[in-house]
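Q: Structure file my_file.pdb (PDB, C-alpha atoms) is given on the next line.
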ATOM      1  CA  MET A 264       0.924  54.850 -65.388
ATOM      2  CA  SER A 265       0.996  55.425 -69.101
ATOM      3  CA  ALA A 266      -2.472  55.868 -70.660
ATOM      4  CA  ARG A 267      -1.674  54.506 -74.124
ATOM      5  CA  PRO A 268       0.426  51.434 -74.982
ATOM      6  CA  ARG A 269       4.054  52.196 -75.650
ATOM      7  CA  PRO A 270       5.483  51.327 -79.079
ATOM      8  CA  THR A 271       7.246  47.979 -79.124
ATOM      9  CA  SER A 272       9.870  46.647 -81.481
ATOM     10  CA  PRO A 273       8.849  44.161 -84.191
ATOM     11  CA  HIS A 274       8.695  40.653 -82.818
ATOM     12  CA  ALA A 275       8.812  37.185 -84.407
ATOM     13  CA  GLY A 276       4.995  37.116 -84.563
ATOM     14  CA  ILE A 277       4.698  39.964 -87.076
ATOM     15  CA  TYR A 278       8.067  39.639 -88.792
ATOM     16  CA  ARG A 279       7.733  39.064 -92.528
ATOM     17  CA  TRP A 280       9.403  35.751 -93.291
ATOM     18  CA  GLN A 281      12.056  35.888 -95.957
ATOM     19  CA  ILE A 282      15.046  33.840 -96.992
ATOM     20  CA  GLY A 283      17.496  35.761 -94.802
ATOM     21  CA  ASN A 284      15.908  35.087 -91.412
ATOM     22  CA  THR A 285      14.695  31.605 -92.443
ATOM     23  CA  LEU A 286      18.212  30.435 -93.294
ATOM     24  CA  SER A 287      19.620  32.122 -90.193
ATOM     25  CA  ILE A 288      17.221  30.083 -88.048
ATOM     26  CA  LEU A 289      17.887  26.941 -90.106
ATOM     27  CA  HIS A 290      21.648  27.426 -89.564
ATOM     28  CA  ARG A 291      21.141  27.375 -85.801
ATOM     29  CA  VAL A 292      18.680  24.457 -85.903
ATOM     30  CA  THR A 293      20.992  22.341 -88.078
ATOM     31  CA  GLY A 294      23.915  23.256 -85.796
ATOM     32  CA  ALA A 295      21.970  22.036 -82.764
ATOM     33  CA  ALA A 296      21.026  18.831 -84.614
ATOM     34  CA  LEU A 297      24.678  18.285 -85.535
ATOM     35  CA  ALA A 298      25.638  18.648 -81.852
ATOM     36  CA  LEU A 299      23.552  15.503 -81.270
ATOM     37  CA  GLY A 300      25.320  14.015 -84.295
ATOM     38  CA  LEU A 301      28.637  14.532 -82.505
ATOM     39  CA  VAL A 302      27.343  12.449 -79.586
ATOM     40  CA  ALA A 303      26.318   9.733 -82.065
ATOM     41  CA  LEU A 304      29.750   9.900 -83.746
ATOM     42  CA  SER A 305      31.475   9.430 -80.385
ATOM     43  CA  TYR A 306      29.101   6.563 -79.508
ATOM     44  CA  TRP A 307      29.871   4.888 -82.852
ATOM     45  CA  LEU A 308      33.649   5.270 -82.318
ATOM     46  CA  VAL A 309      33.418   3.905 -78.744
ATOM     47  CA  CYS A 310      31.429   0.911 -80.044
ATOM     48  CA  LEU A 311      34.037   0.372 -82.779
ATOM     49  CA  ALA A 312      36.852   0.430 -80.194
ATOM     50  CA  GLY A 313      34.888  -1.996 -77.986
ATOM     51  CA  GLY A 314      35.143  -4.843 -80.491
ATOM     52  CA  PRO A 315      32.930  -6.644 -83.024
ATOM     53  CA  GLU A 316      29.999  -7.336 -80.656
ATOM     54  CA  SER A 317      29.564  -3.749 -79.489
ATOM     55  CA  TYR A 318      30.072  -2.481 -83.057
ATOM     56  CA  VAL A 319      27.221  -4.660 -84.287
ATOM     57  CA  SER A 320      24.891  -3.170 -81.670
ATOM     58  CA  ALA A 321      25.587   0.365 -82.974
ATOM     59  CA  ALA A 322      25.523  -0.741 -86.631
ATOM     60  CA  ARG A 323      22.168  -2.487 -86.107
ATOM     61  CA  PHE A 324      20.557   0.762 -84.949
ATOM     62  CA  PHE A 325      22.019   2.929 -87.727
ATOM     63  CA  SER A 326      21.160   0.432 -90.488
ATOM     64  CA  GLY A 327      17.488   0.165 -89.420
ATOM     65  CA  PRO A 328      14.776   2.377 -90.948
ATOM     66  CA  ILE A 329      14.857   4.916 -88.075
ATOM     67  CA  GLY A 330      18.655   4.948 -88.028
ATOM     68  CA  LEU A 331      18.870   5.524 -91.781
ATOM     69  CA  ALA A 332      16.275   8.320 -91.613
ATOM     70  CA  VAL A 333      18.245  10.006 -88.815
ATOM     71  CA  LEU A 334      21.506   9.638 -90.794
ATOM     72  CA  LEU A 335      19.808  11.169 -93.856
ATOM     73  CA  GLY A 336      18.636  14.092 -91.696
ATOM     74  CA  TRP A 337      22.134  14.596 -90.304
ATOM     75  CA  THR A 338      23.537  14.451 -93.856
ATOM     76  CA  PHE A 339      21.253  17.303 -94.933
ATOM     77  CA  ALA A 340      21.951  19.233 -91.701
ATOM     78  CA  PHE A 341      25.703  18.871 -92.250
ATOM     79  CA  LEU A 342      25.631  19.836 -95.932
ATOM     80  CA  PHE A 343      23.401  22.878 -95.315
ATOM     81  CA  HIS A 344      25.443  24.002 -92.291
ATOM     82  CA  LEU A 345      28.606  23.609 -94.399
ATOM     83  CA  LEU A 346      27.319  25.591 -97.410
ATOM     84  CA  ASN A 347      25.605  28.275 -95.307
ATOM     85  CA  GLY A 348      28.729  28.428 -93.108
ATOM     86  CA  VAL A 349      30.814  29.257 -96.193
ATOM     87  CA  ARG A 350      28.261  32.030 -96.894
ATOM     88  CA  HIS A 351      28.881  33.378 -93.403
ATOM     89  CA  LEU A 352      32.652  33.268 -93.937
ATOM     90  CA  PHE A 353      32.287  35.368 -97.110
ATOM     91  CA  TRP A 354      30.191  37.893 -95.155
ATOM     92  CA  ASP A 355      32.875  37.952 -92.456
ATOM     93  CA  ALA A 356      35.333  38.879 -95.198
ATOM     94  CA  GLY A 357      32.994  41.752 -96.164
ATOM     95  CA  ARG A 358      31.741  40.197 -99.407
ATOM     96  CA  GLY A 359      28.335  39.180-100.781
ATOM     97  CA  PHE A 360      26.183  41.722 -98.944
ATOM     98  CA  GLU A 361      24.225  42.961-101.980
ATOM     99  CA  ARG A 362      20.549  41.994-101.994
ATOM    100  CA  THR A 363      20.822  39.880-105.164
ATOM    101  CA  GLN A 364      24.008  38.191-103.920
ATOM    102  CA  ARG A 365      22.422  37.395-100.527
ATOM    103  CA  HIS A 366      19.373  35.860-102.135
ATOM    104  CA  ALA A 367      21.347  33.927-104.762
ATOM    105  CA  SER A 368      23.828  32.506-102.219
ATOM    106  CA  GLY A 369      20.976  31.643 -99.846
ATOM    107  CA  TRP A 370      19.102  29.666-102.477
ATOM    108  CA  ALA A 371      22.375  28.075-103.590
ATOM    109  CA  ALA A 372      22.966  26.880-100.012
ATOM    110  CA  VAL A 373      19.471  25.369 -99.639
ATOM    111  CA  LEU A 374      19.182  23.833-103.103
ATOM    112  CA  GLY A 375      22.846  22.733-103.052
ATOM    113  CA  ALA A 376      22.331  20.981 -99.715
ATOM    114  CA  ILE A 377      19.167  19.231-100.981
ATOM    115  CA  ALA A 378      20.894  18.183-104.229
ATOM    116  CA  LEU A 379      24.001  16.876-102.421
ATOM    117  CA  THR A 380      21.846  15.013 -99.873
ATOM    118  CA  LEU A 381      20.031  13.298-102.761
ATOM    119  CA  CYS A 382      23.428  12.462-104.328
ATOM    120  CA  VAL A 383      24.600  10.859-101.051
ATOM    121  CA  ALA A 384      21.304   8.952-100.744
ATOM    122  CA  ALA A 385      21.536   7.759-104.362
ATOM    123  CA  TRP A 386      25.132   6.635-103.706
ATOM    124  CA  VAL A 387      24.313   4.792-100.465
ATOM    125  CA  TRP A 388      20.952   3.233-101.453
ATOM    126  CA  PRO A 389      22.258   0.538-103.878
ATOM    127  CA  ARG A 390      25.020  -0.326-101.378
ATOM    128  CA  LEU A 391      22.680  -1.096 -98.480
ATOM    129  CA  SER A 392      22.794  -4.801 -97.744
TER
ATOM    130  CA  MET B  53      39.459  63.086 -72.150
ATOM    131  CA  SER B  54      38.660  59.393 -72.010
ATOM    132  CA  LEU B  55      37.288  57.867 -68.825
ATOM    133  CA  ARG B  56      38.835  54.502 -69.675
ATOM    134  CA  SER B  57      41.847  53.407 -67.685
ATOM    135  CA  PRO B  58      45.207  53.108 -69.505
ATOM    136  CA  LEU B  59      45.145  49.313 -68.898
ATOM    137  CA  SER B  60      41.663  49.010 -70.424
ATOM    138  CA  ARG B  61      42.794  50.992 -73.483
ATOM    139  CA  VAL B  62      45.852  48.784 -73.946
ATOM    140  CA  GLU B  63      43.859  45.552 -73.623
ATOM    141  CA  GLY B  64      41.150  46.854 -75.963
ATOM    142  CA  LEU B  65      38.701  44.143 -74.866
ATOM    143  CA  GLY B  66      35.668  46.278 -74.000
ATOM    144  CA  SER B  67      33.022  45.358 -71.449
ATOM    145  CA  ALA B  68      32.654  41.732 -72.618
ATOM    146  CA  LYS B  69      36.253  41.118 -71.428
ATOM    147  CA  ASP B  70      37.235  38.668 -74.123
ATOM    148  CA  GLY B  71      37.147  40.761 -77.284
ATOM    149  CA  THR B  72      36.719  38.742 -80.471
ATOM    150  CA  LYS B  73      38.183  35.518 -79.046
ATOM    151  CA  HIS B  74      34.957  33.481 -79.141
ATOM    152  CA  TRP B  75      33.918  34.786 -82.558
ATOM    153  CA  TRP B  76      37.364  34.201 -84.049
ATOM    154  CA  ALA B  77      37.706  30.681 -82.574
ATOM    155  CA  GLN B  78      34.356  29.798 -84.170
ATOM    156  CA  ARG B  79      35.624  30.985 -87.576
ATOM    157  CA  VAL B  80      39.009  29.239 -87.346
ATOM    158  CA  THR B  81      37.398  25.922 -86.346
ATOM    159  CA  ALA B  82      34.784  26.382 -89.106
ATOM    160  CA  VAL B  83      37.509  26.714 -91.752
ATOM    161  CA  ALA B  84      39.413  23.719 -90.323
ATOM    162  CA  LEU B  85      36.247  21.610 -90.362
ATOM    163  CA  ILE B  86      35.631  22.097 -94.102
ATOM    164  CA  PRO B  87      38.427  19.695 -95.195
ATOM    165  CA  LEU B  88      38.172  17.471 -92.078
ATOM    166  CA  THR B  89      34.437  16.757 -92.338
ATOM    167  CA  LEU B  90      34.533  16.334 -96.127
ATOM    168  CA  TRP B  91      37.452  13.876 -95.766
ATOM    169  CA  PHE B  92      35.502  11.898 -93.165
ATOM    170  CA  LEU B  93      32.244  11.814 -95.142
ATOM    171  CA  ILE B  94      33.872  10.893 -98.474
ATOM    172  CA  SER B  95      36.081   8.262 -96.775
ATOM    173  CA  LEU B  96      33.084   6.523 -95.193
ATOM    174  CA  LEU B  97      31.079   6.697 -98.434
ATOM    175  CA  THR B  98      33.899   5.183-100.506
ATOM    176  CA  LEU B  99      34.825   2.366 -98.104
ATOM    177  CA  PRO B 100      33.955  -1.042 -99.602
ATOM    178  CA  GLY B 101      31.566  -1.585 -96.675
ATOM    179  CA  LEU B 102      30.815  -0.357 -93.160
ATOM    180  CA  ASN B 103      31.208  -3.702 -91.383
ATOM    181  CA  TYR B 104      33.485  -4.024 -88.337
ATOM    182  CA  GLU B 105      36.537  -5.436 -90.161
ATOM    183  CA  THR B 106      36.565  -2.790 -92.908
ATOM    184  CA  VAL B 107      36.032   0.209 -90.614
ATOM    185  CA  HIS B 108      38.501  -1.078 -87.978
ATOM    186  CA  THR B 109      41.213  -1.676 -90.595
ATOM    187  CA  TRP B 110      40.603   1.772 -92.112
ATOM    188  CA  LEU B 111      40.829   3.551 -88.737
ATOM    189  CA  SER B 112      43.974   1.567 -87.782
ATOM    190  CA  VAL B 113      45.956   3.314 -90.542
ATOM    191  CA  PRO B 114      48.043   6.010 -88.756
ATOM    192  CA  ILE B 115      47.008   8.952 -90.962
ATOM    193  CA  THR B 116      43.326   7.999 -90.633
ATOM    194  CA  GLY B 117      43.552   7.821 -86.843
ATOM    195  CA  PHE B 118      45.433  11.128 -86.726
ATOM    196  CA  LEU B 119      42.838  12.920 -88.882
ATOM    197  CA  ALA B 120      39.984  11.292 -86.918
ATOM    198  CA  VAL B 121      41.434  12.614 -83.631
ATOM    199  CA  LEU B 122      41.735  16.099 -85.166
ATOM    200  CA  LEU B 123      38.168  15.845 -86.510
ATOM    201  CA  VAL B 124      36.628  14.877 -83.157
ATOM    202  CA  ALA B 125      38.679  17.524 -81.290
ATOM    203  CA  VAL B 126      37.879  20.435 -83.641
ATOM    204  CA  LEU B 127      34.262  19.305 -84.064
ATOM    205  CA  THR B 128      33.793  19.201 -80.289
ATOM    206  CA  TYR B 129      35.274  22.680 -79.853
ATOM    207  CA  HIS B 130      33.243  24.208 -82.721
ATOM    208  CA  SER B 131      30.035  22.549 -81.551
ATOM    209  CA  TYR B 132      30.611  23.725 -77.972
ATOM    210  CA  LEU B 133      31.126  27.323 -79.134
ATOM    211  CA  GLY B 134      27.839  27.211 -81.066
ATOM    212  CA  THR B 135      25.769  25.502 -78.376
ATOM    213  CA  GLN B 136      27.170  27.893 -75.770
ATOM    214  CA  VAL B 137      25.708  30.840 -77.720
ATOM    215  CA  ILE B 138      22.318  29.090 -77.960
ATOM    216  CA  VAL B 139      22.260  28.619 -74.164
ATOM    217  CA  GLU B 140      23.372  32.227 -73.583
ATOM    218  CA  ASP B 141      20.586  33.446 -75.899
ATOM    219  CA  TYR B 142      17.660  31.453 -74.529
ATOM    220  CA  VAL B 143      18.433  30.689 -70.872
ATOM    221  CA  THR B 144      17.543  33.971 -69.187
ATOM    222  CA  SER B 145      17.970  33.260 -65.484
ATOM    223  CA  ASN B 146      21.543  33.876 -64.395
ATOM    224  CA  GLY B 147      21.842  30.855 -62.116
ATOM    225  CA  MET B 148      20.379  28.482 -64.701
ATOM    226  CA  LYS B 149      22.678  29.971 -67.345
ATOM    227  CA  ILE B 150      25.833  29.305 -65.300
ATOM    228  CA  LEU B 151      24.626  25.794 -64.422
ATOM    229  CA  SER B 152      23.658  24.956 -68.044
ATOM    230  CA  LEU B 153      26.976  26.232 -69.406
ATOM    231  CA  MET B 154      28.892  24.153 -66.850
ATOM    232  CA  VAL B 155      26.872  20.980 -67.572
ATOM    233  CA  LEU B 156      27.223  21.659 -71.314
ATOM    234  CA  ARG B 157      30.998  21.940 -71.013
ATOM    235  CA  PHE B 158      31.191  18.708 -68.995
ATOM    236  CA  LEU B 159      29.086  16.880 -71.614
ATOM    237  CA  TYR B 160      31.267  18.163 -74.458
ATOM    238  CA  VAL B 161      34.520  17.159 -72.740
ATOM    239  CA  LEU B 162      32.919  13.754 -72.063
ATOM    240  CA  ALA B 163      31.736  13.225 -75.674
ATOM    241  CA  GLY B 164      34.936  14.589 -77.245
ATOM    242  CA  GLY B 165      37.204  12.756 -74.793
ATOM    243  CA  ALA B 166      35.386   9.450 -75.313
ATOM    244  CA  GLY B 167      35.562   9.831 -79.113
ATOM    245  CA  ILE B 168      39.286  10.644 -79.122
ATOM    246  CA  PHE B 169      40.070   7.844 -76.650
ATOM    247  CA  ALA B 170      38.108   5.395 -78.828
ATOM    248  CA  VAL B 171      40.131   6.359 -81.924
ATOM    249  CA  LEU B 172      43.359   5.915 -79.928
ATOM    250  CA  ARG B 173      42.193   2.492 -78.738
ATOM    251  CA  VAL B 174      41.686   1.433 -82.346
ATOM    252  CA  ALA B 175      44.974   3.015 -83.453
ATOM    253  CA  PHE B 176      47.111   1.496 -80.692
ATOM    254  CA  GLY B 177      45.151  -1.751 -80.305
ATOM    255  CA  PHE B 178      44.530  -1.850 -76.578
ATOM    256  CA  PRO B 179      43.579  -5.345 -75.381
ATOM    257  CA  GLN B 180      39.883  -6.198 -75.684
ATOM    258  CA  LEU B 181      38.324  -6.705 -72.262
TER
END
Could you spell out this file's structure in structure tokens?

A:
Amino acid sequence: MSARPRPTSPHAGIYRWQIGNTLSILHRVTGAALALGLVALSYWLVCLAGGPESYVSAARFFSGPIGLAVLLGWTFAFLFHLLNGVRHLFWDAGRGFERTQRHASGWAAVLGAIALTLCVAAWVWPRLS
Amino acid sequence: MSLRSPLSRVEGLGSAKDGTKHWWAQRVTAVALIPLTLWFLISLLTLPGLNYETVHTWLSVPITGFLAVLLVAVLTYHSYLGTQVIVEDYVTSNGMKILSLMVLRFLYVLAGGAGIFAVLRVAFGFPQL
């Protein structure tokens, strides 16, 4: 048996949080949330195809306070996943790897997603009946 | 002298056996989803309302139904590819991994199939039961 503890690789517990790993995790979390959004989209379409009565049952949930909050969350998740996904596509093409570029595009993805979510909310809010 | 068989060298797939297929499919669907999702979001936001009549009439237009089918199909595929990686990363036991991936695939075919069938029902006006 070894007398002294063997060196271990850095783990999440001691990793210094920075924009790179935070957005990487957020990309996966928003992707998982959007997977649930796909189920909701299918449910909504099935209710639409089922006729006016079944559509109202789905519409009632999504137009309530919880439904609207969930839709707002999915809107942000979609917009962030979209903008950060474009970031990933640029990396795949071998571009944007410099430290300043990574940080700038990361902040652009987060702040852009927040700004666009607020735009969508501001557009929808006066139209809620 | 290489220890790899001539067949292995020709296929060039390495030990994972599927090369860049998964990675590439994720990128292709990501690019396709940029216009599809933006079309869907902007269409819903600019509809005069989201009541049954308005949404049903909108989805009955052939080009809308066609794009909606493409959206649900590509979204389902892209979402499956992403969720599959999450399961592969976090489910460590081999038996549970195979079971989870199979259940996940069933659920995705179910959600995607139901969504596409619902759009077709609206597009072709199947009789209401």

Q: Measure the distance from atom CA of Asn347 of chain A to atom CA of Arg362 of chain A in Å and round it to one decimal.

A: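 Distance between the two atoms: 16.1 Å.
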
Q: Could you list, as a VMD selection string, every residue matched by the PyMOL selection byres ((chain A) within 10 of (chain B)) in this structure?

A: chain A and resid 291 to 292 294 to 295 297 to 299 301 to 319 322 338 341 to 342 345 to 346 348 to 349 351 to 352 355 383 386 to 387 390 to 392

Q: Could you state the separation of atom CA of Thr380 of chain A and atom CA of Thr109 of chain B in Å, given to one decimal place?

A: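 If I compute the distance from atom CA of Thr380 of chain A to atom CA of Thr109 of chain B, I get 27.2 Å.
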
Q: Grab the atom CA of Gln136 of chain B to atom CA of Phe339 of chain A distance for me, in Å with one decimal place.

A: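 That distance, rounded to one decimal, is 22.7 Å.
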
Q: For the file shown, report as a PyMOL selection string the outcome of the PyMOL selection byres ((chain A and resi 276-284) around 9) at residue level.

A: chain A and resi 273-275+285-289+365-366+369-370

Q: Write a file of the just-selected residues containing C-alpha atoms, as an mmCIF file, keeping the file's coordinate frame.

A:
data_model
loop_
_atom_site.group_PDB
_atom_site.id
_atom_site.type_symbol
_atom_site.label_atom_id
_atom_site.label_comp_id
_atom_site.auth_asym_id
_atom_site.auth_seq_id
_atom_site.Cartn_x
_atom_site.Cartn_y
_atom_site.Cartn_z
ATOM 1 C CA PRO A 273 8.849 44.161 -84.191
ATOM 2 C CA HIS A 274 8.695 40.653 -82.818
ATOM 3 C CA ALA A 275 8.812 37.185 -84.407
ATOM 4 C CA THR A 285 14.695 31.605 -92.443
ATOM 5 C CA LEU A 286 18.212 30.435 -93.294
ATOM 6 C CA SER A 287 19.620 32.122 -90.193
ATOM 7 C CA ILE A 288 17.221 30.083 -88.048
ATOM 8 C CA LEU A 289 17.887 26.941 -90.106
ATOM 9 C CA ARG A 365 22.422 37.395 -100.527
ATOM 10 C CA HIS A 366 19.373 35.860 -102.135
ATOM 11 C CA GLY A 369 20.976 31.643 -99.846
ATOM 12 C CA TRP A 370 19.102 29.666 -102.477
#

Q: Taking the point (41.6, 13.5, -87.4) as given in the file, collect each protein or nucleic acid residue that comes within 10 Å of it, counting all atoms listed in the file, and present the set as number ranges by chain.

A: B: 88-89, 91-92, 114-127, 168, 171

Q: Between B:Leu65, B:Leu59, B:Leu133, B:Ser54, which is the closest to Thr81 of chain B once you count only C-alpha atoms?

A: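 Ranked by minimum distance to Thr81 of chain B, first place goes to B:Leu133.
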
Q: Taking the block just given, write segment 264-348 of chain A to a file that holds C-alpha atoms, as an mmCIF file, in the first residue's frame.

A:
data_model
loop_
_atom_site.group_PDB
_atom_site.id
_atom_site.type_symbol
_atom_site.label_atom_id
_atom_site.label_comp_id
_atom_site.auth_asym_id
_atom_site.auth_seq_id
_atom_site.Cartn_x
_atom_site.Cartn_y
_atom_site.Cartn_z
ATOM 1 C CA MET A 264 0.000 0.000 0.000
ATOM 2 C CA SER A 265 1.190 3.473 -0.798
ATOM 3 C CA ALA A 266 2.266 5.479 2.280
ATOM 4 C CA ARG A 267 1.438 8.955 0.963
ATOM 5 C CA PRO A 268 -1.652 10.009 -1.018
ATOM 6 C CA ARG A 269 -1.184 9.906 -4.755
ATOM 7 C CA PRO A 270 -1.604 13.149 -6.719
ATOM 8 C CA THR A 271 -5.067 13.525 -8.201
ATOM 9 C CA SER A 272 -6.253 15.617 -11.104
ATOM 10 C CA PRO A 273 -8.113 18.877 -10.413
ATOM 11 C CA HIS A 274 -11.766 18.230 -9.742
ATOM 12 C CA ALA A 275 -14.904 20.399 -9.885
ATOM 13 C CA GLY A 276 -14.532 21.202 -6.168
ATOM 14 C CA ILE A 277 -11.281 23.150 -6.557
ATOM 15 C CA TYR A 278 -11.671 24.308 -10.149
ATOM 16 C CA ARG A 279 -11.560 28.088 -10.467
ATOM 17 C CA TRP A 280 -14.855 29.168 -11.991
ATOM 18 C CA GLN A 281 -14.552 31.280 -15.092
ATOM 19 C CA ILE A 282 -16.704 32.165 -18.057
ATOM 20 C CA GLY A 283 -15.462 29.275 -20.201
ATOM 21 C CA ASN A 284 -16.530 26.385 -17.968
ATOM 22 C CA THR A 285 -19.632 28.239 -16.704
ATOM 23 C CA LEU A 286 -21.014 28.693 -20.218
ATOM 24 C CA SER A 287 -20.045 25.141 -21.156
ATOM 25 C CA ILE A 288 -22.148 23.847 -18.254
ATOM 26 C CA LEU A 289 -24.945 26.316 -19.046
ATOM 27 C CA HIS A 290 -24.970 25.072 -22.669
ATOM 28 C CA ARG A 291 -25.608 21.524 -21.475
ATOM 29 C CA VAL A 292 -28.182 22.581 -18.860
ATOM 30 C CA THR A 293 -30.133 24.697 -21.365
ATOM 31 C CA GLY A 294 -29.943 21.826 -23.879
ATOM 32 C CA ALA A 295 -31.446 19.447 -21.322
ATOM 33 C CA ALA A 296 -34.166 21.996 -20.492
ATOM 34 C CA LEU A 297 -34.939 22.378 -24.199
ATOM 35 C CA ALA A 298 -35.317 18.585 -24.489
ATOM 36 C CA LEU A 299 -38.270 18.960 -22.098
ATOM 37 C CA GLY A 300 -39.402 21.871 -24.274
ATOM 38 C CA LEU A 301 -39.560 19.487 -27.234
ATOM 39 C CA VAL A 302 -41.959 17.268 -25.270
ATOM 40 C CA ALA A 303 -44.085 20.348 -24.515
ATOM 41 C CA LEU A 304 -44.006 21.369 -28.201
ATOM 42 C CA SER A 305 -45.227 17.915 -29.236
ATOM 43 C CA TYR A 306 -47.927 18.001 -26.530
ATOM 44 C CA TRP A 307 -49.080 21.423 -27.773
ATOM 45 C CA LEU A 308 -49.206 20.203 -31.406
ATOM 46 C CA VAL A 309 -51.128 17.037 -30.417
ATOM 47 C CA CYS A 310 -53.623 19.190 -28.479
ATOM 48 C CA LEU A 311 -53.966 21.501 -31.497
ATOM 49 C CA ALA A 312 -54.656 18.518 -33.784
ATOM 50 C CA GLY A 313 -57.196 17.163 -31.268
ATOM 51 C CA GLY A 314 -59.584 20.079 -31.762
ATOM 52 C CA PRO A 315 -60.675 23.239 -29.922
ATOM 53 C CA GLU A 316 -61.440 21.567 -26.561
ATOM 54 C CA SER A 317 -58.079 19.838 -26.194
ATOM 55 C CA TYR A 318 -56.283 22.968 -27.445
ATOM 56 C CA VAL A 319 -57.898 25.045 -24.712
ATOM 57 C CA SER A 320 -56.633 22.622 -22.060
ATOM 58 C CA ALA A 321 -53.024 23.105 -23.252
ATOM 59 C CA ALA A 322 -53.476 26.863 -23.779
ATOM 60 C CA ARG A 323 -54.911 27.244 -20.261
ATOM 61 C CA PHE A 324 -51.753 25.784 -18.717
ATOM 62 C CA PHE A 325 -49.315 27.823 -20.827
ATOM 63 C CA SER A 326 -51.195 31.107 -20.302
ATOM 64 C CA GLY A 327 -51.241 30.737 -16.487
ATOM 65 C CA PRO A 328 -48.520 32.256 -14.280
ATOM 66 C CA ILE A 329 -46.533 28.985 -14.024
ATOM 67 C CA GLY A 330 -46.922 28.298 -17.740
ATOM 68 C CA LEU A 331 -45.740 31.787 -18.685
ATOM 69 C CA ALA A 332 -42.749 31.534 -16.324
ATOM 70 C CA VAL A 333 -41.789 28.181 -17.869
ATOM 71 C CA LEU A 334 -42.164 29.620 -21.400
ATOM 72 C CA LEU A 335 -39.958 32.581 -20.417
ATOM 73 C CA GLY A 336 -37.337 30.138 -19.093
ATOM 74 C CA TRP A 337 -37.461 28.111 -22.303
ATOM 75 C CA THR A 338 -37.148 31.342 -24.322
ATOM 76 C CA PHE A 339 -33.923 32.232 -22.499
ATOM 77 C CA ALA A 340 -32.661 28.625 -22.735
ATOM 78 C CA PHE A 341 -33.329 28.597 -26.485
ATOM 79 C CA LEU A 342 -31.746 31.992 -27.166
ATOM 80 C CA PHE A 343 -28.631 31.198 -25.099
ATOM 81 C CA HIS A 344 -28.268 27.718 -26.629
ATOM 82 C CA LEU A 345 -28.636 29.303 -30.087
ATOM 83 C CA LEU A 346 -26.041 32.061 -29.531
ATOM 84 C CA ASN A 347 -23.586 29.810 -27.669
ATOM 85 C CA GLY A 348 -24.150 27.130 -30.337
#
